[in-house]
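Q: Following this line is entry.cif, made up of mmCIF, C-alpha atoms:
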data_data
#
loop_
_atom_site.group_PDB
_atom_site.id
_atom_site.type_symbol
_atom_site.label_atom_id
_atom_site.label_comp_id
_atom_site.auth_asym_id
_atom_site.auth_seq_id
_atom_site.Cartn_x
_atom_site.Cartn_y
_atom_site.Cartn_z
ATOM 1 C CA MET A 1 151.261 243.066 63.885
ATOM 2 C CA SER A 2 147.760 242.225 62.716
ATOM 3 C CA SER A 3 144.758 241.826 64.954
ATOM 4 C CA PRO A 4 143.329 238.345 65.585
ATOM 5 C CA ARG A 5 141.252 236.836 62.806
ATOM 6 C CA HIS A 6 137.528 237.502 63.000
ATOM 7 C CA VAL A 7 135.135 234.565 62.850
ATOM 8 C CA GLY A 8 133.413 236.282 59.929
ATOM 9 C CA VAL A 9 136.658 236.318 57.950
ATOM 10 C CA THR A 10 137.023 232.584 58.500
ATOM 11 C CA VAL A 11 133.437 231.963 57.404
ATOM 12 C CA LEU A 12 133.891 234.217 54.375
ATOM 13 C CA ALA A 13 137.120 232.428 53.425
ATOM 14 C CA LEU A 14 135.454 229.020 53.743
ATOM 15 C CA VAL A 15 132.494 230.141 51.612
ATOM 16 C CA GLU A 16 134.923 231.610 49.061
ATOM 17 C CA ALA A 17 136.950 228.385 48.958
ATOM 18 C CA ALA A 18 133.844 226.207 48.640
ATOM 19 C CA ALA A 19 132.461 228.419 45.867
ATOM 20 C CA GLY A 20 135.833 228.308 44.104
ATOM 21 C CA VAL A 21 136.113 224.537 44.231
ATOM 22 C CA TYR A 22 132.488 224.172 43.129
ATOM 23 C CA THR A 23 132.918 226.626 40.246
ATOM 24 C CA ALA A 24 136.127 224.967 39.039
ATOM 25 C CA ALA A 25 134.599 221.488 39.288
ATOM 26 C CA ILE A 26 131.434 222.489 37.435
ATOM 27 C CA ALA A 27 133.483 224.242 34.739
ATOM 28 C CA ALA A 28 135.655 221.152 34.256
ATOM 29 C CA TYR A 29 132.631 218.849 34.165
ATOM 30 C CA ASP A 30 130.658 221.053 31.771
ATOM 31 C CA PHE A 31 133.719 221.434 29.543
ATOM 32 C CA ASN A 32 133.945 217.661 29.329
ATOM 33 C CA VAL A 33 130.236 217.335 28.502
ATOM 34 C CA VAL A 34 130.312 220.023 25.799
ATOM 35 C CA TYR A 35 133.580 218.696 24.370
ATOM 36 C CA SER A 36 132.136 215.168 24.159
ATOM 37 C CA PHE A 37 128.884 216.451 22.653
ATOM 38 C CA ILE A 38 130.658 218.416 19.935
ATOM 39 C CA SER A 39 133.030 215.513 19.231
ATOM 40 C CA SER A 40 130.126 213.057 18.960
ATOM 41 C CA TYR A 41 128.957 214.898 15.825
ATOM 42 C CA GLY A 42 132.383 214.520 14.241
ATOM 43 C CA LEU A 43 133.217 218.200 14.682
ATOM 44 C CA ASP A 44 136.450 219.632 15.949
ATOM 45 C CA PRO A 45 135.782 221.173 19.407
ATOM 46 C CA LEU A 46 138.578 223.673 18.833
ATOM 47 C CA ARG A 47 136.397 225.298 16.159
ATOM 48 C CA PHE A 48 134.129 226.540 18.961
ATOM 49 C CA PRO A 49 136.443 228.790 20.957
ATOM 50 C CA ASP A 50 133.595 230.688 22.618
ATOM 51 C CA PHE A 51 132.439 227.595 24.507
ATOM 52 C CA LEU A 52 135.945 226.538 25.389
ATOM 53 C CA SER A 53 137.007 229.999 26.541
ATOM 54 C CA TYR A 54 133.853 230.332 28.659
ATOM 55 C CA PHE A 55 134.739 227.185 30.602
ATOM 56 C CA ALA A 56 138.389 228.203 30.858
ATOM 57 C CA ILE A 57 137.377 231.551 32.369
ATOM 58 C CA LEU A 58 135.016 229.857 34.839
ATOM 59 C CA PHE A 59 137.753 227.427 35.837
ATOM 60 C CA ALA A 60 140.228 230.293 36.334
ATOM 61 C CA VAL A 61 137.724 232.228 38.457
ATOM 62 C CA GLY A 62 137.198 229.135 40.600
ATOM 63 C CA CYS A 63 140.924 228.702 41.117
ATOM 64 C CA ALA A 64 141.296 232.428 41.882
ATOM 65 C CA ALA A 65 138.580 232.160 44.526
ATOM 66 C CA VAL A 66 140.541 229.418 46.304
ATOM 67 C CA VAL A 67 143.678 231.592 46.264
ATOM 68 C CA ILE A 68 141.685 234.552 47.590
ATOM 69 C CA ALA A 69 140.312 232.358 50.376
ATOM 70 C CA TYR A 70 143.894 231.611 51.399
ATOM 71 C CA GLY A 71 144.688 235.341 51.372
ATOM 72 C CA LEU A 72 141.684 236.047 53.590
ATOM 73 C CA LEU A 73 142.609 233.310 56.049
ATOM 74 C CA ALA A 74 146.233 234.415 56.204
ATOM 75 C CA GLY A 75 145.289 238.076 56.653
ATOM 76 C CA LYS A 76 147.132 239.132 53.507
ATOM 77 C CA ARG A 77 146.516 242.626 52.219
ATOM 78 C CA TRP A 78 146.075 241.358 48.664
ATOM 79 C CA GLY A 79 143.467 238.886 49.940
ATOM 80 C CA TRP A 80 141.314 241.761 51.171
ATOM 81 C CA THR A 81 141.810 243.726 47.951
ATOM 82 C CA LEU A 82 141.046 240.823 45.618
ATOM 83 C CA GLY A 83 138.187 239.646 47.840
ATOM 84 C CA SER A 84 136.576 243.078 47.651
ATOM 85 C CA TYR A 85 137.093 243.379 43.887
ATOM 86 C CA LEU A 86 135.867 239.855 43.240
ATOM 87 C CA GLY A 87 132.806 240.564 45.386
ATOM 88 C CA VAL A 88 131.936 243.569 43.230
ATOM 89 C CA ALA A 89 132.600 241.525 40.076
ATOM 90 C CA TYR A 90 130.284 238.784 41.398
ATOM 91 C CA MET A 91 127.570 241.408 41.903
ATOM 92 C CA VAL A 92 127.821 242.559 38.289
ATOM 93 C CA PHE A 93 128.062 238.968 37.055
ATOM 94 C CA ALA A 94 125.059 237.837 39.127
ATOM 95 C CA VAL A 95 122.781 240.573 37.815
ATOM 96 C CA GLY A 96 123.955 240.256 34.216
ATOM 97 C CA PHE A 97 124.062 236.457 34.133
ATOM 98 C CA GLY A 98 120.683 236.049 35.807
ATOM 99 C CA SER A 99 119.022 238.618 33.574
ATOM 100 C CA TYR A 100 120.534 237.048 30.458
ATOM 101 C CA PHE A 101 119.187 233.600 31.249
ATOM 102 C CA VAL A 102 115.718 234.878 32.135
ATOM 103 C CA ALA A 103 115.614 236.749 28.821
ATOM 104 C CA GLN A 104 117.100 233.813 26.903
ATOM 105 C CA TYR A 105 114.939 231.076 28.394
ATOM 106 C CA SER A 106 111.709 232.737 29.428
ATOM 107 C CA GLY A 107 110.019 230.821 32.189
ATOM 108 C CA ASP A 108 113.190 229.196 33.582
ATOM 109 C CA TYR A 109 114.064 231.142 36.696
ATOM 110 C CA SER A 110 116.593 228.718 38.192
ATOM 111 C CA GLU A 111 119.610 230.669 36.924
ATOM 112 C CA PHE A 112 117.998 233.923 38.018
ATOM 113 C CA GLN A 113 117.502 232.523 41.525
ATOM 114 C CA ALA A 114 121.144 231.436 41.625
ATOM 115 C CA GLY A 115 122.065 234.949 40.502
ATOM 116 C CA ILE A 116 120.068 236.442 43.385
ATOM 117 C CA ILE A 117 121.907 234.196 45.863
ATOM 118 C CA TYR A 118 125.280 235.225 44.385
ATOM 119 C CA LEU A 119 124.194 238.859 44.592
ATOM 120 C CA LEU A 120 123.150 238.661 48.250
ATOM 121 C CA VAL A 121 126.301 236.818 49.316
ATOM 122 C CA SER A 122 128.485 239.256 47.381
ATOM 123 C CA VAL A 123 126.823 242.308 48.907
ATOM 124 C CA ALA A 124 127.225 240.832 52.387
ATOM 125 C CA ALA A 125 130.893 239.967 51.738
ATOM 126 C CA VAL A 126 131.804 243.407 50.389
ATOM 127 C CA PHE A 127 129.925 245.106 53.242
ATOM 128 C CA TYR A 128 131.671 242.896 55.808
ATOM 129 C CA LEU A 129 135.131 243.426 54.331
ATOM 130 C CA ASP A 130 134.562 247.182 54.541
ATOM 131 C CA ARG A 131 134.003 247.140 58.322
ATOM 132 C CA PRO A 132 136.725 249.095 60.228
ATOM 133 C CA GLY A 133 137.832 246.165 62.399
ATOM 134 C CA VAL A 134 138.074 243.826 59.440
ATOM 135 C CA LYS A 135 139.953 246.388 57.367
ATOM 136 C CA ALA A 136 142.404 246.855 60.246
ATOM 137 C CA ARG A 137 143.034 243.094 60.274
ATOM 138 C CA PHE A 138 144.291 243.412 56.711
ATOM 139 C CA GLY A 139 146.302 246.589 57.320
ATOM 140 C CA ARG A 140 143.767 248.774 55.522
ATOM 141 C CA GLY A 141 143.006 251.302 58.232
ATOM 142 C CA ALA A 142 143.171 252.097 61.906
ATOM 143 C CA HIS A 143 141.810 249.605 64.367
ATOM 144 C CA PRO A 144 138.667 251.106 65.891
ATOM 145 C CA ASP A 145 139.904 250.488 69.452
ATOM 146 C CA GLY A 146 143.476 251.688 68.990
ATOM 147 C CA PRO A 147 145.429 254.700 67.867
ATOM 148 C CA ALA A 148 145.772 255.566 64.224
ATOM 149 C CA PRO A 149 148.744 253.959 62.469
ATOM 150 C CA PRO A 150 151.662 256.166 61.491
ATOM 151 C CA PRO A 151 151.561 257.510 57.949
ATOM 152 C CA GLU A 152 153.332 255.456 55.309
ATOM 153 C CA ILE A 153 156.432 257.023 53.761
#
As structure tokens, what does this structure read like?

A:
Amino acid sequence: MSSPRHVGVTVLALVEAAAGVYTAAIAAYDFNVVYSFISSYGLDPLRFPDFLSYFAILFAVGCAAVVIAYGLLAGKRWGWTLGSYLGVAYMVFAVGFGSYFVAQYSGDYSEFQAGIIYLLVSVAAVFYLDRPGVKARFGRGAHPDGPAPPPEI
């Protein structure tokens, strides 16, 4: 039996779901804009797989974030695992993505600032998910107020 859901887990799941929906929506919108732009010059958009695959990956990450939010809300073990891994991936992505855009477009720090926000939220999420009480909620360790669980066979 799992412990009751922490308020922080609910907040984290809602932030994850909102970020997922936002990311998927932006990816779909930007795909449409780029596709229309390329088509307006009489070119075949399928000849530019790097742009198309970039938006497909962003859309998939957005959808995955919504699924992870469900796993966090439901207290699923895989939700904790994927949430932790995605948090670390967001940290790497935020630093790399922000640095790339600052180097690419010197003087435009808007993407870098967004990267810093992603980095701070990701660090907070990974730190929170690693707390003993939160880990116990997902079956990832002993509850700090109770006895240790029996070893798995």

Q: Selection in question (the file shown): the PyMOL selection byres ((chain A and resi 18-30) around 9). Which residues does it include, as a list of chain:residue names?

A: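 For this structure, the PyMOL selection byres ((chain A and resi 18-30) around 9) captures A:Ala13, A:Leu14, A:Val15, A:Glu16, A:Ala17, A:Phe31, A:Asn32, A:Val33, A:Val34, A:Tyr35, A:Tyr54, A:Phe55, A:Ala56, A:Ile57, A:Leu58, A:Phe59, A:Ala60, A:Val61, A:Gly62, A:Cys63, A:Ala64, A:Ala65, A:Val66, A:Val67, A:Ala69.
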
Q: Provide an axis-aligned box for all listed atoms of range 37-43 of chain A, padding each side by 4 Å; report its centre and its edge lengths in Å to one decimal, as lines of an AutoDock Vina configuration file.

A:
center_x = 131.1
center_y = 215.7
center_z = 18.4
size_x = 12.3
size_y = 13.4
size_z = 16.4

Q: Would you kindly translate the PyMOL selection byres ((chain A and resi 9) around 10) into the concrete residues it picks from this file, as a list in words?

A: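 Checked against the file, the PyMOL selection byres ((chain A and resi 9) around 10) matches Arg5, His6, Val7, Gly8, Thr10, Val11, Leu12, Ala13, Leu14, Val15, Ala69, Leu72, Leu73, Ala74, Gly75, Trp80, Ala125, Tyr128, Leu129, Val134 and Arg137 of chain A.
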
Q: As an exercise, work out the distance from CA of Tyr90 in chain A to CA of Pro132 in chain A in Å and give it to one decimal place.

A: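 CA of Tyr90 in chain A sits 22.4 Å away from CA of Pro132 in chain A.
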
Q: Just the number, please: distance in Å from CA of Arg131 in chain A to CA of Tyr85 in chain A, one decimal.

A: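 We find that CA of Arg131 in chain A and CA of Tyr85 in chain A lie 15.2 Å from each other.
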
Q: Have a look at A:Leu46, A:Ile38, A:Ile68, A:Ala89 and name the one nearest to Leu119 in chain A; count all atoms listed in the file.

A: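 Of all the options, A:Ala89 lies closest to Leu119 in chain A.
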
Q: Figure out the distance between CA of Arg140 in chain A and CA of Gly83 in chain A, please, to one decimal in Å.

A: 13.2 Å

Q: Return as a list in words the set of residues that the PyMOL selection byres ((chain A and resi 88) around 12) yields on the displayed structure.

A: Thr81, Leu82, Gly83, Ser84, Tyr85, Leu86, Gly87, Ala89, Tyr90, Met91, Val92, Phe93, Ala94, Val95, Tyr118, Leu119, Leu120, Val121, Ser122, Val123, Ala124, Ala125, Val126, Phe127 and Leu129 of chain A

Q: Include C-alpha atoms and write out the residues we just selected as a short mmCIF file (atom, residue, chain, number, x, y, z; two decimals), keeping the file's coordinate frame.

A:
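Saved file part.cif follows:
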data_model
loop_
_atom_site.label_atom_id
_atom_site.label_comp_id
_atom_site.auth_asym_id
_atom_site.auth_seq_id
_atom_site.Cartn_x
_atom_site.Cartn_y
_atom_site.Cartn_z
CA THR A 81 141.81 243.73 47.95
CA LEU A 82 141.05 240.82 45.62
CA GLY A 83 138.19 239.65 47.84
CA SER A 84 136.58 243.08 47.65
CA TYR A 85 137.09 243.38 43.89
CA LEU A 86 135.87 239.86 43.24
CA GLY A 87 132.81 240.56 45.39
CA ALA A 89 132.60 241.52 40.08
CA TYR A 90 130.28 238.78 41.40
CA MET A 91 127.57 241.41 41.90
CA VAL A 92 127.82 242.56 38.29
CA PHE A 93 128.06 238.97 37.06
CA ALA A 94 125.06 237.84 39.13
CA VAL A 95 122.78 240.57 37.82
CA TYR A 118 125.28 235.22 44.38
CA LEU A 119 124.19 238.86 44.59
CA LEU A 120 123.15 238.66 48.25
CA VAL A 121 126.30 236.82 49.32
CA SER A 122 128.49 239.26 47.38
CA VAL A 123 126.82 242.31 48.91
CA ALA A 124 127.22 240.83 52.39
CA ALA A 125 130.89 239.97 51.74
CA VAL A 126 131.80 243.41 50.39
CA PHE A 127 129.93 245.11 53.24
CA LEU A 129 135.13 243.43 54.33
#

Q: Working from the structure I just supplied, which lacks atoms in range 21-37 of chain A, can you model N, CA and C atoms there and output them as a short mmCIF file (atom, residue, chain, number, x, y, z; two decimals), in the frame of the given file?

A:
data_model
loop_
_atom_site.label_atom_id
_atom_site.label_comp_id
_atom_site.auth_asym_id
_atom_site.auth_seq_id
_atom_site.Cartn_x
_atom_site.Cartn_y
_atom_site.Cartn_z
N VAL A 21 135.99 225.95 44.59
CA VAL A 21 136.11 224.54 44.23
C VAL A 21 134.90 224.10 43.43
N TYR A 22 133.72 224.52 43.85
CA TYR A 22 132.49 224.17 43.13
C TYR A 22 132.51 224.73 41.71
N THR A 23 132.88 226.00 41.56
CA THR A 23 132.92 226.63 40.25
C THR A 23 133.92 225.93 39.33
N ALA A 24 135.11 225.64 39.85
CA ALA A 24 136.13 224.97 39.04
C ALA A 24 135.67 223.56 38.65
N ALA A 25 135.06 222.85 39.58
CA ALA A 25 134.60 221.49 39.29
C ALA A 25 133.48 221.49 38.25
N ILE A 26 132.53 222.40 38.39
CA ILE A 26 131.43 222.49 37.44
C ILE A 26 131.96 222.89 36.06
N ALA A 27 132.91 223.83 36.02
CA ALA A 27 133.48 224.24 34.74
C ALA A 27 134.19 223.07 34.06
N ALA A 28 134.95 222.30 34.83
CA ALA A 28 135.66 221.15 34.26
C ALA A 28 134.66 220.09 33.76
N TYR A 29 133.63 219.85 34.55
CA TYR A 29 132.63 218.85 34.16
C TYR A 29 131.87 219.30 32.91
N ASP A 30 131.40 220.54 32.93
CA ASP A 30 130.66 221.05 31.77
C ASP A 30 131.52 221.11 30.52
N PHE A 31 132.80 221.45 30.69
CA PHE A 31 133.72 221.43 29.54
C PHE A 31 133.77 220.03 28.94
N ASN A 32 133.88 219.04 29.80
CA ASN A 32 133.94 217.66 29.33
C ASN A 32 132.66 217.27 28.60
N VAL A 33 131.52 217.66 29.13
CA VAL A 33 130.24 217.34 28.50
C VAL A 33 130.12 218.00 27.14
N VAL A 34 130.42 219.29 27.07
CA VAL A 34 130.31 220.02 25.80
C VAL A 34 131.33 219.49 24.79
N TYR A 35 132.54 219.23 25.25
CA TYR A 35 133.58 218.70 24.37
C TYR A 35 133.14 217.35 23.79
N SER A 36 132.60 216.48 24.64
CA SER A 36 132.14 215.17 24.16
C SER A 36 130.96 215.31 23.21
N PHE A 37 130.06 216.23 23.50
CA PHE A 37 128.88 216.45 22.65
C PHE A 37 129.30 216.92 21.27
#
